[in-house]
$ cat structure.txt   # compact mmCIF, C-alpha atoms
# COMPACT_ATOMS: atom_id res chain seq x y z
CA MET A 1 67.78 126.16 135.35
CA GLN A 2 67.62 124.27 132.06
CA TYR A 3 67.03 120.54 132.01
CA LYS A 4 67.22 118.02 129.22
CA LEU A 5 64.93 115.08 128.86
CA PRO A 6 67.06 112.12 129.99
CA GLY A 7 68.95 110.45 127.16
CA THR A 8 68.20 113.33 124.79
CA THR A 9 69.37 116.81 123.84
CA ILE A 10 65.80 118.14 124.16
CA GLU A 11 65.68 121.04 126.60
CA THR A 12 62.87 121.56 129.10
CA ARG A 13 62.32 123.85 132.07
CA GLY A 14 62.05 120.95 134.47
CA TYR A 15 60.49 117.57 135.02
CA SER A 16 56.92 118.63 135.61
CA ARG A 17 54.09 116.12 135.37
CA ASP A 18 53.86 114.56 131.89
CA VAL A 19 56.43 116.95 130.39
CA ALA A 20 58.06 114.09 128.44
CA ASP A 21 54.70 112.94 127.13
CA THR A 22 53.73 116.47 126.05
CA ILE A 23 57.04 117.26 124.33
CA LEU A 24 57.22 113.93 122.51
CA GLU A 25 53.57 114.14 121.48
CA ASN A 26 54.33 117.47 119.80
CA ILE A 27 57.43 116.11 118.06
CA PHE A 28 55.63 113.01 116.80
CA GLN A 29 52.47 114.64 115.43
CA CYS A 30 53.62 113.62 111.97
CA LYS A 31 54.41 110.02 110.93
CA GLY A 32 57.76 109.87 112.67
CA VAL A 33 61.29 111.17 112.47
CA VAL A 34 64.20 110.16 110.28
CA LEU A 35 67.50 108.78 111.55
CA SER A 36 69.30 112.13 111.34
CA GLN A 37 66.62 113.69 113.56
CA VAL A 38 66.89 110.84 116.08
CA ALA A 39 70.65 111.41 116.16
CA VAL A 40 70.31 115.17 116.73
CA MET A 41 67.63 114.78 119.42
CA THR A 42 69.50 112.06 121.34
CA GLY A 43 73.17 112.66 120.59
CA VAL A 44 73.45 108.99 119.54
CA GLU A 45 75.49 108.40 116.40
CA PRO A 46 73.38 107.16 113.46
CA HIS A 47 75.57 104.06 113.07
CA ASP A 48 74.83 103.15 116.72
CA VAL A 49 71.08 103.37 116.12
CA GLN A 50 71.42 101.27 112.96
CA ASN A 51 73.51 98.74 114.89
CA TRP A 52 70.82 98.52 117.59
CA VAL A 53 68.23 97.83 114.88
CA LYS A 54 70.48 95.19 113.29
CA ARG A 55 71.03 93.50 116.66
CA GLY A 56 67.31 93.52 117.53
CA PHE A 57 67.50 96.03 120.38
CA LEU A 58 65.23 98.36 118.44
CA ALA A 59 62.49 97.63 115.92
CA PRO A 60 63.38 98.62 112.35
CA PRO A 61 62.02 101.94 111.10
CA ARG A 62 58.97 101.88 108.84
CA HIS A 63 59.49 103.77 105.59
CA ARG A 64 62.68 105.23 107.11
CA GLN A 65 60.64 106.79 109.91
CA TYR A 66 61.25 106.10 113.60
CA SER A 67 58.15 106.13 115.80
CA ARG A 68 57.81 107.72 119.20
CA ARG A 69 58.10 104.27 120.74
CA GLN A 70 61.39 103.62 118.93
CA PHE A 71 62.67 107.08 119.85
CA THR A 72 61.98 106.55 123.55
CA ARG A 73 63.78 103.19 123.37
CA VAL A 74 66.84 105.02 121.95
CA ALA A 75 66.59 107.69 124.69
CA ILE A 76 66.32 105.08 127.45
CA ILE A 77 69.25 103.04 126.15
CA ASN A 78 71.31 106.20 125.64
CA MET A 79 70.68 107.38 129.19
CA LEU A 80 71.38 104.00 130.79
CA ARG A 81 74.49 103.16 128.76
CA GLU A 82 76.48 105.77 130.66
CA THR A 83 76.48 103.46 133.69
CA MET A 84 75.23 100.06 132.50
CA GLN A 85 76.36 97.54 129.90
CA ILE A 86 74.03 97.09 126.93
CA ASP A 87 73.13 93.48 127.83
CA SER A 88 72.03 94.64 131.30
CA ILE A 89 69.94 97.42 129.76
CA LEU A 90 68.22 94.96 127.44
CA ARG A 91 67.59 92.55 130.31
CA LEU A 92 66.11 95.44 132.30
CA LEU A 93 63.79 96.49 129.47
CA GLY A 94 62.74 92.90 128.80
CA TYR A 95 62.05 92.30 132.51
CA ILE A 96 58.88 94.40 132.52
CA ASN A 97 56.95 92.39 129.92
CA GLY A 98 58.95 89.19 129.87
CA ALA A 99 60.34 89.97 126.39
CA LEU A 100 62.38 92.81 124.95
CA ASP A 101 60.26 93.24 121.84
CA ASP A 102 56.77 92.76 123.31
CA GLU A 103 54.46 95.07 121.40
CA SER A 104 51.15 93.53 122.47
CA ASP A 105 48.35 95.74 123.72
CA ASP A 106 48.96 94.50 127.27
CA ALA A 107 52.66 95.38 127.22
CA ILE A 108 54.09 98.35 129.06
CA ASP A 109 55.71 100.24 126.22
CA ASP A 110 58.83 102.39 126.31
CA CYS A 111 56.80 105.60 125.97
CA GLU A 112 54.84 104.83 129.12
CA LEU A 113 57.98 103.77 131.00
CA TYR A 114 59.88 106.88 129.91
CA ASN A 115 57.04 109.20 130.97
CA LEU A 116 56.77 107.46 134.35
CA PHE A 117 60.54 107.86 134.78
CA VAL A 118 60.58 111.58 133.96
CA ASN A 119 57.56 112.12 136.24
CA LEU A 120 59.44 110.29 138.99
CA LEU A 121 62.45 112.57 138.52
CA GLY A 122 60.07 115.50 139.02
CA ARG A 123 58.89 113.98 142.32
CA ILE A 124 62.46 113.35 143.50
CA GLY A 125 64.13 116.65 142.70
CA GLU A 126 67.87 117.26 142.64
CA GLN A 127 68.97 114.89 145.43
CA LEU A 128 68.96 111.12 145.33
CA PRO A 129 66.60 109.99 148.09
CA THR A 130 67.14 107.03 150.38
CA GLU A 131 66.07 103.68 148.96
CA GLU A 132 63.00 103.70 151.23
CA GLU A 133 62.00 107.20 150.07
CA LEU A 134 62.62 106.28 146.43
CA GLY A 135 60.37 103.25 146.87
CA ARG A 136 57.63 105.51 148.30
CA ARG A 137 57.99 107.97 145.42
CA CYS A 138 57.74 105.10 142.92
CA ASP A 139 54.60 103.86 144.66
CA GLU A 140 53.11 107.36 144.46
CA GLU A 141 53.93 107.59 140.75
CA LEU A 142 52.43 104.16 140.12
CA ALA A 143 49.27 104.79 142.18
CA GLN A 144 47.19 105.25 139.01
CA PHE A 145 49.04 102.54 137.08
CA THR A 146 46.76 99.87 135.64
CA GLU A 147 48.25 96.40 135.78
CA ARG A 148 47.64 94.81 132.41
CA ILE A 149 50.09 91.97 133.02
CA PRO A 150 50.18 90.18 136.41
CA ASP A 151 52.90 91.58 138.69
CA SER A 152 53.77 94.37 136.25
CA ARG A 153 53.46 97.12 138.90
CA ARG A 154 56.28 95.54 140.94
CA ARG A 155 58.36 94.98 137.82
CA VAL A 156 57.91 98.58 136.64
CA LYS A 157 58.80 99.82 140.13
CA ASP A 158 61.99 97.71 140.10
CA VAL A 159 62.95 99.07 136.67
CA LEU A 160 62.20 102.67 137.67
CA MET A 161 64.40 102.33 140.73
CA VAL A 162 67.29 101.00 138.63
CA MET A 163 66.78 103.83 136.13
CA VAL A 164 66.86 106.46 138.88
CA TYR A 165 70.06 105.04 140.38
CA ALA A 166 71.65 104.88 136.92
CA TYR A 167 70.57 108.47 136.19
CA PHE A 168 72.08 109.84 139.40
CA SER A 169 75.21 107.69 138.93
CA ALA A 170 75.72 109.13 135.44
CA ASN A 171 75.35 112.66 136.80
CA ALA A 172 77.90 111.91 139.53
CA LYS A 173 80.30 110.39 136.99
CA ARG A 174 80.05 113.49 134.78
CA ARG A 175 80.85 115.65 137.83
CA VAL A 176 83.86 113.47 138.68
CA ASP A 177 85.11 113.76 135.10
CA MET A 178 84.82 117.57 135.23
CA LEU A 179 86.70 117.73 138.54
CA MET A 180 89.42 115.44 137.22
CA LYS A 181 89.77 117.62 134.12
CA ASP A 182 90.35 120.62 136.42
CA ILE A 183 92.90 118.68 138.47
CA ARG A 184 94.77 117.56 135.33
CA ALA A 185 94.82 121.15 134.08
CA ALA A 186 96.23 122.35 137.40
CA THR A 187 99.08 119.84 137.46

$ encode --input "structure.txt" --output "structure tokens"
Amino acid sequence: MQYKLPGTTIETRGYSRDVADTILENIFQCKGVVLSQVAVMTGVEPHDVQNWVKRGFLAPPRHRQYSRRQFTRVAIINMLRETMQIDSILRLLGYINGALDDESDDAIDDCELYNLFVNLLGRIGEQLPTEEELGRRCDEELAQFTERIPDSRRRVKDVLMVMVYAYFSANAKRRVDMLMKDIRAAT
């Protein structure tokens, strides 16, 4: 079965440990990627990315190059926007560090969050677990997490749980849309 990294068009064989980190490390060996590459790898229209930069949701590119950190922010927003409003997504991302644009050394960056999320999907599998089981899986994933900001482990866990529910909700919505398309075609 083929998988795609959440919020992207990048194919992978599954959500094995650190697969997102490995794939993105390979892509970002050079300085960065240009807007057209971000658009192809995420399916997000270039004007949307530029709008996110203009509105402060995403740091501006340097020398027309988007960094890995910026790319993962686009992937996260893209994945979550299927089931959440943009202001809720920004609140969620800002919740971890206390600010949306925190780029201090102590901050939990989008790359780390995205890798934790994809690792968590690998732990979960195809079925959405109960809330209690999801909490346990999050705790397992965060067992080696170093708290650099007080209470950040709990905050990251909260965000990961929201991301997982949003991910499974988006998959369910896509399935509903496909079924409805079949029903419309039959009537």

$ closest_residue --input "structure.txt" --among "A:Arg123, A:Asn51, A:Cys138, A:Glu131" --to "Arg153 in chain A" --atoms "only C-alpha atoms"
A:Cys138

$ atom_distance --input "structure.txt" --atom1 "CA of Arg55 in chain A" --atom2 "CA of Gly94 in chain A"
14.7 Å

$ atom_distance --input "structure.txt" --atom1 "CA of Arg137 in chain A" --atom2 "CA of Tyr167 in chain A"
15.6 Å

$ closest_residue --input "structure.txt" --among "A:Gln29, A:Gln2, A:Ser16, A:Ser67" --to "Asn115 in chain A" --atoms "only C-alpha atoms"
A:Ser16

$ closest_residue --input "structure.txt" --among "A:Asp177, A:Glu141, A:Glu126, A:Glu11" --to "Lys157 in chain A" --atoms "only C-alpha atoms"
A:Glu141

$ closest_residue --input "structure.txt" --among "A:Thr72, A:Thr130, A:Asn119, A:Asn171" --to "Phe28 in chain A" --atoms "only C-alpha atoms"
A:Thr72

$ residues_around --input "structure.txt" --residues "Gln70 in chain A" --least-positions-apart "6" --cutoff "9 Å" --atoms "only C-alpha atoms" --output "PyMOL selection string"
chain A and resi 58-61+110-111

$ closest_residue --input "structure.txt" --among "A:Val34, A:Leu128, A:Met41, A:Leu116" --to "Ala143 in chain A" --atoms "all atoms listed in the file"
A:Leu116

$ atom_distance --input "structure.txt" --atom1 "CA of Ile183 in chain A" --atom2 "CA of Ala170 in chain A"
19.9 Å

$ decode --input "structure.txt" --residues "range 67-177 of chain A" --atoms "C-alpha atoms" --output "compact mmCIF listing (two decimals), in the first residue's frame"
# COMPACT_ATOMS: atom_id res chain seq x y z
CA SER A 67 13.46 26.01 4.29
CA ARG A 68 12.52 22.62 5.64
CA ARG A 69 10.92 24.35 8.61
CA GLN A 70 8.75 26.49 6.32
CA PHE A 71 7.87 23.47 4.19
CA THR A 72 6.70 21.46 7.20
CA ARG A 73 4.58 24.43 8.31
CA VAL A 74 2.90 24.40 4.86
CA ALA A 75 2.38 20.61 5.08
CA ILE A 76 0.87 20.85 8.57
CA ILE A 77 -1.48 23.68 7.63
CA ASN A 78 -2.45 21.90 4.41
CA MET A 79 -3.28 18.69 6.24
CA LEU A 80 -5.25 20.39 9.01
CA ARG A 81 -7.20 22.79 6.78
CA GLU A 82 -9.31 19.92 5.47
CA THR A 83 -11.12 19.80 8.83
CA MET A 84 -10.13 22.95 10.73
CA GLN A 85 -10.41 26.68 10.09
CA ILE A 86 -7.13 28.51 9.56
CA ASP A 87 -7.43 30.57 12.76
CA SER A 88 -7.83 27.35 14.78
CA ILE A 89 -4.78 25.85 13.06
CA LEU A 90 -2.70 28.91 13.90
CA ARG A 91 -3.90 28.87 17.50
CA LEU A 92 -2.97 25.18 17.68
CA LEU A 93 0.53 25.77 16.31
CA GLY A 94 1.07 28.78 18.57
CA TYR A 95 -0.12 26.82 21.63
CA ILE A 96 3.03 24.71 21.82
CA ASN A 97 5.51 27.56 22.29
CA GLY A 98 3.19 30.36 23.29
CA ALA A 99 3.70 32.14 19.95
CA LEU A 100 3.11 31.19 16.34
CA ASP A 101 6.45 32.46 15.07
CA ASP A 102 8.73 31.37 17.93
CA GLU A 103 12.05 30.42 16.37
CA SER A 104 14.16 30.42 19.54
CA ASP A 105 16.45 27.49 20.28
CA ASP A 106 14.07 26.34 23.03
CA ALA A 107 11.04 26.27 20.73
CA ILE A 108 9.52 23.07 19.42
CA ASP A 109 9.75 23.65 15.69
CA ASP A 110 7.40 22.44 12.98
CA CYS A 111 9.93 19.87 11.73
CA GLU A 112 10.06 18.19 15.13
CA LEU A 113 6.28 18.32 15.52
CA TYR A 114 5.71 16.92 12.03
CA ASN A 115 8.14 14.04 12.60
CA LEU A 116 6.51 13.22 15.96
CA PHE A 117 3.11 13.24 14.24
CA VAL A 118 4.15 10.91 11.41
CA ASN A 119 5.85 8.60 13.93
CA LEU A 120 2.62 8.58 15.94
CA LEU A 121 0.64 7.61 12.84
CA GLY A 122 3.04 4.67 12.47
CA ARG A 123 2.29 3.60 16.05
CA ILE A 124 -1.47 3.91 15.53
CA GLY A 125 -1.94 2.13 12.22
CA GLU A 126 -5.06 2.30 10.07
CA GLN A 127 -7.73 2.55 12.79
CA LEU A 128 -8.39 5.51 15.04
CA PRO A 129 -7.80 4.27 18.60
CA THR A 130 -9.86 5.20 21.62
CA GLU A 131 -8.93 8.48 23.27
CA GLU A 132 -7.27 6.57 26.13
CA GLU A 133 -5.21 4.45 23.72
CA LEU A 134 -4.27 7.52 21.66
CA GLY A 135 -3.09 9.22 24.85
CA ARG A 136 -0.92 6.17 25.65
CA ARG A 137 0.53 6.13 22.14
CA CYS A 138 1.34 9.85 22.42
CA ASP A 139 3.05 9.22 25.76
CA GLU A 140 5.10 6.43 24.16
CA GLU A 141 6.11 8.69 21.28
CA LEU A 142 7.05 11.48 23.68
CA ALA A 143 9.00 9.22 26.08
CA GLN A 144 12.33 10.51 24.74
CA PHE A 145 11.08 14.07 24.31
CA THR A 146 13.21 16.66 26.09
CA GLU A 147 11.20 19.47 27.62
CA ARG A 148 12.95 22.69 26.73
CA ILE A 149 10.01 24.87 27.72
CA PRO A 150 8.05 24.15 30.93
CA ASP A 151 4.91 22.08 30.27
CA SER A 152 5.79 21.60 26.59
CA ARG A 153 5.38 17.80 26.74
CA ARG A 154 1.70 18.18 27.70
CA ARG A 155 1.19 20.88 25.09
CA VAL A 156 2.80 18.79 22.34
CA LYS A 157 0.68 15.80 23.39
CA ASP A 158 -2.49 17.93 23.18
CA VAL A 159 -1.51 19.18 19.71
CA LEU A 160 -0.62 15.68 18.49
CA MET A 161 -4.00 14.38 19.63
CA VAL A 162 -5.81 17.17 17.76
CA MET A 163 -3.70 16.47 14.66
CA VAL A 164 -4.52 12.75 14.77
CA TYR A 165 -8.26 13.41 15.10
CA ALA A 166 -8.10 15.94 12.26
CA TYR A 167 -6.15 13.48 10.09
CA PHE A 168 -8.67 10.66 10.60
CA SER A 169 -11.58 13.09 10.16
CA ALA A 170 -10.17 14.24 6.81
CA ASN A 171 -9.80 10.63 5.68
CA ALA A 172 -13.40 9.91 6.71
CA LYS A 173 -14.63 13.04 4.90
CA ARG A 174 -12.83 12.00 1.70
CA ARG A 175 -14.49 8.57 1.95
CA VAL A 176 -17.92 10.19 2.43
CA ASP A 177 -17.32 12.38 -0.62
